[in-house]
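Step one of this worksheet: look at the structure below.
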Amino acid sequence: MSTAEYDILVSGGGVAGLTAAAVFGTAGFSVLCVDPAPPITARDAAGSDLRTTAFLQPARQLLDRAGLWDRLAPHAASLQIMRIVDAGGKQAKPRITKEFDAADISDQPFGWNLPNWLLRREMVAHLDSLDSVEFRPGVGVASLVTRETQAHVGLSDSTKLRCRLVIAADGRNSPVREAAGVPVKTTRYGQKALAFAVTHAIPHENVSTEIHRSGGPFTLVPLPDHEGRPSSAIVWMEDGPEALRLADLPVPEFEAAMNERSCLLFGPLTLVSRRTVWPIISQLAERMSAERVALVAEAAHVVPPIGAQGLNMSLGDMRVLLELAEAAPERLGDAAMLDTYHRRRHLEVTARVTGIDLLNRASMMHAQPLRDARAMTLNAIYSLAPVRKTLMQLGLGARG
């Protein structure tokens, strides 16, 4: 059997993997992207991902480079204001509300929000238009053997191939990371997140709202209108048993619970999708690279869904990897390139994983004195304009 040759193999057909394939294909590299699970690209299909992704400002630049933004922009909802509400008093009512406005630091929104199932649909369609990229859904990596000069990969459809670089974008349980022998540290919080979509009476006006009480934040992220009504995506983080209880409630009881938790900031919420449940962890790979392998996205780092950091950290990985590949294409995937990639990303990623871990632990607090301390901290941070602006810039990806 003949052996196929590519510059890059991308393992993973989620949002991160499809983006990587588009980014490097547009840059002129030959790319094969594989994923054992074909992407689900319809909102109401069984197994569709009802979570959403907020692309922050730096992400748009990379999506433009990849030719993706023009396809995504018509479906995106702008994120102009990030509102944080503390409802951690004895009653589930707002007691402190603070708004971080992108206009304070930029003439653009913080970012743009899109449903994950729609991202997959548009990204797969875009890959079909790129001669330099082949997307092979339903196929995974079965074996990986690396040498100093190239990687030898066996796929689940019996294809054998050689490439200069393997990009592991295959998730928190990455088979490529495991095959490359890179250890990870995992932190479990005993939390789960419910993801679903709602409509509401009061328009969101492009405001993303995080409501903190206990168990984790209840976050409403703007979506385009649904059937003529304002709509938001919700990620509701709770202690694991409580999240499972909520997921199993009949719709009327669930709507009553989510309306209480939302403090009715947008009026009564109406559930307009099924509910999905996701485990919440933090995870960090010991290294961002191995021989002929670059780890990106959740293969390298996983964080709780706070502050829209997850995928935007992933796109930060790709920006650095692309810069290095374009600076010296003849050295694609060699040890010096990948060591540089590790050095440039790992310290920043570690700092962000640590920071989001602390924010998540603060959001989980049940004891009233600790919730009161959290509220006072939010109030103090917001009251200092230079600190507030610095935090917004760091959230967009600026280096501290």
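FYI, nothing fancy with the structure tokens labels: chains A, B, ... in order, residues from 1 per chain, ligands from 1 as they appear.
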Problem - Polymer residues at most 8 Å from Ala22 in chain A, only C-alpha atoms, same-chain spacing of 6 or more positions, as a PyMOL selection string - result: chain A and resi 66-68+123+126-127+130+133
Handout entry: Spatial neighbours of range 207-217 of chain A, max dist 7 Å, only C-alpha atoms, sep filter under 2 positions, as a ChimeraX atom specification
Key = /A:79-88,204-205,219-222,236-239,360,363-366
Since we have the selection now, will you write its residues out, keeping C-alpha atoms, as a PDB file, in the first residue's frame?
ATOM      1  CA  LEU A  79     -20.561  41.154  22.668  1.00  0.00           C
ATOM      2  CA  GLN A  80     -20.318  44.844  23.535  1.00  0.00           C
ATOM      3  CA  ILE A  81     -20.702  44.713  27.301  1.00  0.00           C
ATOM      4  CA  MET A  82     -19.690  42.097  29.860  1.00  0.00           C
ATOM      5  CA  ARG A  83     -21.999  42.399  32.869  1.00  0.00           C
ATOM      6  CA  ILE A  84     -21.154  40.720  36.170  1.00  0.00           C
ATOM      7  CA  VAL A  85     -23.929  40.388  38.729  1.00  0.00           C
ATOM      8  CA  ASP A  86     -23.435  39.231  42.288  1.00  0.00           C
ATOM      9  CA  ALA A  87     -26.601  37.602  43.605  1.00  0.00           C
ATOM     10  CA  GLY A  88     -24.905  35.913  46.530  1.00  0.00           C
ATOM     11  CA  HIS A 204     -30.049  41.499  25.499  1.00  0.00           C
ATOM     12  CA  GLU A 205     -28.670  44.563  23.653  1.00  0.00           C
ATOM     13  CA  THR A 219     -24.083  33.012  32.074  1.00  0.00           C
ATOM     14  CA  LEU A 220     -26.346  34.416  29.361  1.00  0.00           C
ATOM     15  CA  VAL A 221     -24.556  35.090  26.070  1.00  0.00           C
ATOM     16  CA  PRO A 222     -26.268  36.974  23.219  1.00  0.00           C
ATOM     17  CA  TRP A 236     -25.372  27.159  33.998  1.00  0.00           C
ATOM     18  CA  MET A 237     -22.627  25.705  36.181  1.00  0.00           C
ATOM     19  CA  GLU A 238     -23.637  23.827  39.316  1.00  0.00           C
ATOM     20  CA  ASP A 239     -22.435  21.144  41.698  1.00  0.00           C
ATOM     21  CA  ASN A 360     -14.161  29.357  39.235  1.00  0.00           C
ATOM     22  CA  SER A 363     -17.880  31.474  41.831  1.00  0.00           C
ATOM     23  CA  MET A 364     -18.591  28.124  43.531  1.00  0.00           C
ATOM     24  CA  MET A 365     -18.651  29.479  47.084  1.00  0.00           C
ATOM     25  CA  HIS A 366     -21.606  28.430  49.219  1.00  0.00           C
TER      26      HIS A 366
END
Contacts of Ala285 in chain A within 7 Å, only C-alpha atoms, excl. fewer than 5 positions in-chain, as a PDB file with N, CA, C and O atoms, in the first residue's frame:
ATOM      1  N   VAL A 182       2.878  12.722  26.381  1.00  0.00           N
ATOM      2  CA  VAL A 182       2.897  13.981  27.133  1.00  0.00           C
ATOM      3  C   VAL A 182       1.938  13.875  28.316  1.00  0.00           C
ATOM      4  O   VAL A 182       0.733  13.700  28.125  1.00  0.00           O
ATOM      5  N   PRO A 183       2.425  13.996  29.558  1.00  0.00           N
ATOM      6  CA  PRO A 183       1.541  13.908  30.742  1.00  0.00           C
ATOM      7  C   PRO A 183       0.669  15.158  30.881  1.00  0.00           C
ATOM      8  O   PRO A 183       1.007  16.235  30.370  1.00  0.00           O
ATOM      9  N   VAL A 184      -0.449  15.009  31.592  1.00  0.00           N
ATOM     10  CA  VAL A 184      -1.322  16.146  31.887  1.00  0.00           C
ATOM     11  C   VAL A 184      -1.669  16.152  33.374  1.00  0.00           C
ATOM     12  O   VAL A 184      -1.682  15.113  34.032  1.00  0.00           O
ATOM     13  N   LYS A 185      -1.949  17.343  33.874  1.00  0.00           N
ATOM     14  CA  LYS A 185      -2.460  17.496  35.233  1.00  0.00           C
ATOM     15  C   LYS A 185      -3.918  17.910  35.137  1.00  0.00           C
ATOM     16  O   LYS A 185      -4.249  18.895  34.474  1.00  0.00           O
ATOM     17  N   ALA A 300      -4.136  20.536  24.878  1.00  0.00           N
ATOM     18  CA  ALA A 300      -3.080  21.182  25.660  1.00  0.00           C
ATOM     19  C   ALA A 300      -3.596  21.801  26.945  1.00  0.00           C
ATOM     20  O   ALA A 300      -2.903  21.815  27.961  1.00  0.00           O
ATOM     21  N   HIS A 301      -4.827  22.321  26.921  1.00  0.00           N
ATOM     22  CA  HIS A 301      -5.332  23.043  28.089  1.00  0.00           C
ATOM     23  C   HIS A 301      -6.852  23.061  28.068  1.00  0.00           C
ATOM     24  O   HIS A 301      -7.481  23.240  27.030  1.00  0.00           O
TER      25      HIS A 301
END
Problem - range 227-230 of chain A environment, 9 Å, only C-alpha atoms, sequence neighbours closer than 5 positions dropped, as a PyMOL selection string - result: chain A and resi 198-204+222
Problem - Near-range 48-64 of chain A list (8 Å; only C-alpha atoms; drop same-chain fewer than 4 positions) as a ChimeraX atom specification - result: /A:19,23,40-44,68-70,108-117,195-197,233-235,276,308,311-312,315-316,319,396-397
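CA of Ser282 in chain A is positioned 5.1 Å from CA of Val302 in chain A.
If you measure from each of A:Thr186, A:Asn173, A:Ser231, A:Gln150 to Ile281 in chain A using only C-alpha atoms, the closest one turns out to be A:Thr186.
Computed from the coordinates, the CA of Ala46 in chain A to CA of Val124 in chain A distance equals 18.5 Å.
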Select from range 8-161 of chain A everything DSSP, run on the backbone, classes as alpha helix (DSSP H), then give the selection as a tab-separated table (two decimals) with N, CA, C and O atoms, in the first residue's frame.
chain	number	residue	atom	x	y	z
A	15	VAL	N	-14.29	22.61	16.55
A	15	VAL	CA	-14.08	23.98	16.11
A	15	VAL	C	-12.59	24.30	16.01
A	15	VAL	O	-12.12	24.92	15.05
A	16	ALA	N	-11.80	23.86	16.99
A	16	ALA	CA	-10.36	24.15	16.98
A	16	ALA	C	-9.67	23.45	15.82
A	16	ALA	O	-8.86	24.05	15.10
A	17	GLY	N	-9.95	22.17	15.61
A	17	GLY	CA	-9.30	21.43	14.54
A	17	GLY	C	-9.66	21.95	13.17
A	17	GLY	O	-8.80	22.08	12.28
A	18	LEU	N	-10.93	22.26	12.95
A	18	LEU	CA	-11.36	22.80	11.66
A	18	LEU	C	-10.73	24.17	11.40
A	18	LEU	O	-10.33	24.48	10.27
A	19	THR	N	-10.61	24.97	12.46
A	19	THR	CA	-9.93	26.26	12.31
A	19	THR	C	-8.47	26.07	11.94
A	19	THR	O	-7.94	26.75	11.05
A	20	ALA	N	-7.79	25.15	12.62
A	20	ALA	CA	-6.38	24.88	12.31
A	20	ALA	C	-6.21	24.45	10.86
A	20	ALA	O	-5.29	24.91	10.17
A	21	ALA	N	-7.09	23.57	10.38
A	21	ALA	CA	-7.00	23.12	8.99
A	21	ALA	C	-7.16	24.28	8.02
A	21	ALA	O	-6.42	24.40	7.04
A	22	ALA	N	-8.12	25.18	8.31
A	22	ALA	CA	-8.33	26.33	7.43
A	22	ALA	C	-7.16	27.29	7.49
A	22	ALA	O	-6.71	27.81	6.46
A	23	VAL	N	-6.64	27.54	8.69
A	23	VAL	CA	-5.54	28.48	8.87
A	23	VAL	C	-4.30	28.02	8.09
A	23	VAL	O	-3.70	28.79	7.32
A	24	PHE	N	-3.91	26.78	8.27
A	24	PHE	CA	-2.68	26.30	7.63
A	24	PHE	C	-2.89	25.99	6.15
A	24	PHE	O	-1.97	26.16	5.35
A	25	GLY	N	-4.09	25.57	5.78
A	25	GLY	CA	-4.36	25.37	4.36
A	25	GLY	C	-4.32	26.67	3.59
A	25	GLY	O	-3.74	26.76	2.50
A	26	THR	N	-4.89	27.73	4.15
A	26	THR	CA	-4.87	29.04	3.50
A	26	THR	C	-3.46	29.58	3.41
A	26	THR	O	-3.12	30.32	2.48
A	57	GLN	N	-11.64	39.70	20.05
A	57	GLN	CA	-11.07	40.50	18.96
A	57	GLN	C	-9.87	39.87	18.26
A	57	GLN	O	-9.83	39.80	17.03
A	58	PRO	N	-8.85	39.38	19.00
A	58	PRO	CA	-7.70	38.80	18.29
A	58	PRO	C	-8.07	37.59	17.45
A	58	PRO	O	-7.42	37.31	16.44
A	59	ALA	N	-9.13	36.86	17.86
A	59	ALA	CA	-9.54	35.68	17.11
A	59	ALA	C	-10.05	36.07	15.74
A	59	ALA	O	-9.84	35.36	14.75
A	60	ARG	N	-10.73	37.21	15.64
A	60	ARG	CA	-11.26	37.63	14.34
A	60	ARG	C	-10.15	37.80	13.32
A	60	ARG	O	-10.31	37.48	12.14
A	61	GLN	N	-9.00	38.33	13.75
A	61	GLN	CA	-7.89	38.52	12.83
A	61	GLN	C	-7.43	37.19	12.24
A	61	GLN	O	-7.17	37.09	11.03
A	62	LEU	N	-7.37	36.16	13.08
A	62	LEU	CA	-6.95	34.85	12.59
A	62	LEU	C	-8.01	34.25	11.67
A	62	LEU	O	-7.69	33.65	10.64
A	63	LEU	N	-9.28	34.42	12.02
A	63	LEU	CA	-10.36	33.91	11.17
A	63	LEU	C	-10.38	34.62	9.82
A	63	LEU	O	-10.68	34.01	8.79
A	64	ASP	N	-10.05	35.91	9.82
A	64	ASP	CA	-9.91	36.64	8.55
A	64	ASP	C	-8.81	36.03	7.69
A	64	ASP	O	-8.98	35.81	6.49
A	65	ARG	N	-7.68	35.77	8.32
A	65	ARG	CA	-6.55	35.16	7.60
A	65	ARG	C	-6.95	33.84	6.96
A	65	ARG	O	-6.51	33.49	5.87
A	69	TRP	N	-14.00	34.38	8.35
A	69	TRP	CA	-14.84	35.38	9.01
A	69	TRP	C	-16.04	35.80	8.16
A	69	TRP	O	-17.14	35.99	8.68
A	70	ASP	N	-15.84	35.94	6.85
A	70	ASP	CA	-16.96	36.36	6.00
A	70	ASP	C	-18.12	35.37	6.05
A	70	ASP	O	-19.28	35.76	5.88
A	71	ARG	N	-17.81	34.09	6.27
A	71	ARG	CA	-18.87	33.09	6.38
A	71	ARG	C	-19.56	33.16	7.73
A	71	ARG	O	-20.76	32.87	7.85
A	72	LEU	N	-18.81	33.54	8.77
A	72	LEU	CA	-19.34	33.49	10.13
A	72	LEU	C	-20.06	34.77	10.53
A	72	LEU	O	-21.02	34.73	11.31
A	116	ASN	N	-21.91	26.51	18.48
A	116	ASN	CA	-20.88	25.57	18.04
A	116	ASN	C	-21.32	24.72	16.86
A	116	ASN	O	-20.53	24.42	15.96
A	117	TRP	N	-22.60	24.28	16.85
A	117	TRP	CA	-23.05	23.45	15.73
A	117	TRP	C	-22.98	24.24	14.42
A	117	TRP	O	-22.63	23.69	13.38
A	118	LEU	N	-23.29	25.54	14.48
A	118	LEU	CA	-23.24	26.36	13.27
A	118	LEU	C	-21.80	26.60	12.83
A	118	LEU	O	-21.49	26.62	11.63
A	119	LEU	N	-20.90	26.80	13.79
A	119	LEU	CA	-19.49	26.94	13.45
A	119	LEU	C	-18.99	25.74	12.67
A	119	LEU	O	-18.29	25.88	11.65
A	120	ARG	N	-19.35	24.54	13.13
A	120	ARG	CA	-18.92	23.33	12.42
A	120	ARG	C	-19.49	23.32	10.99
A	120	ARG	O	-18.79	22.99	10.04
A	121	ARG	N	-20.75	23.68	10.85
A	121	ARG	CA	-21.37	23.69	9.52
A	121	ARG	C	-20.63	24.62	8.57
A	121	ARG	O	-20.28	24.23	7.44
A	122	GLU	N	-20.37	25.83	9.01
A	122	GLU	CA	-19.73	26.81	8.14
A	122	GLU	C	-18.26	26.48	7.88
A	122	GLU	O	-17.73	26.69	6.79
A	123	MET	N	-17.58	25.95	8.90
A	123	MET	CA	-16.16	25.63	8.73
A	123	MET	C	-15.97	24.44	7.80
A	123	MET	O	-15.06	24.43	6.96
A	124	VAL	N	-16.81	23.42	7.92
A	124	VAL	CA	-16.71	22.27	7.00
A	124	VAL	C	-16.96	22.73	5.58
A	124	VAL	O	-16.25	22.32	4.64
A	125	ALA	N	-17.95	23.60	5.38
A	125	ALA	CA	-18.23	24.10	4.04
A	125	ALA	C	-17.03	24.88	3.49
A	125	ALA	O	-16.70	24.77	2.30
A	126	HIS	N	-16.36	25.63	4.35
A	126	HIS	CA	-15.20	26.39	3.89
A	126	HIS	C	-14.04	25.46	3.51
A	126	HIS	O	-13.37	25.69	2.49
A	127	LEU	N	-13.81	24.42	4.30
A	127	LEU	CA	-12.73	23.49	3.96
A	127	LEU	C	-12.95	22.86	2.60
A	127	LEU	O	-12.00	22.58	1.86
A	128	ASP	N	-14.21	22.62	2.24
A	128	ASP	CA	-14.51	22.03	0.93
A	128	ASP	C	-14.04	22.92	-0.22
A	128	ASP	O	-13.84	22.43	-1.33
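Minimum atom-to-atom distance to Thr146 in chain A, evaluated using only C-alpha atoms, belongs to A:Gly333 out of A:Gly171, A:Pro250, A:Pro268, A:Gly333.
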Problem - Val176 in chain A environment, 8 Å, only C-alpha atoms, sequence neighbours closer than 6 positions dropped, as a ChimeraX atom specification - result: /A:11,141,144,168,170
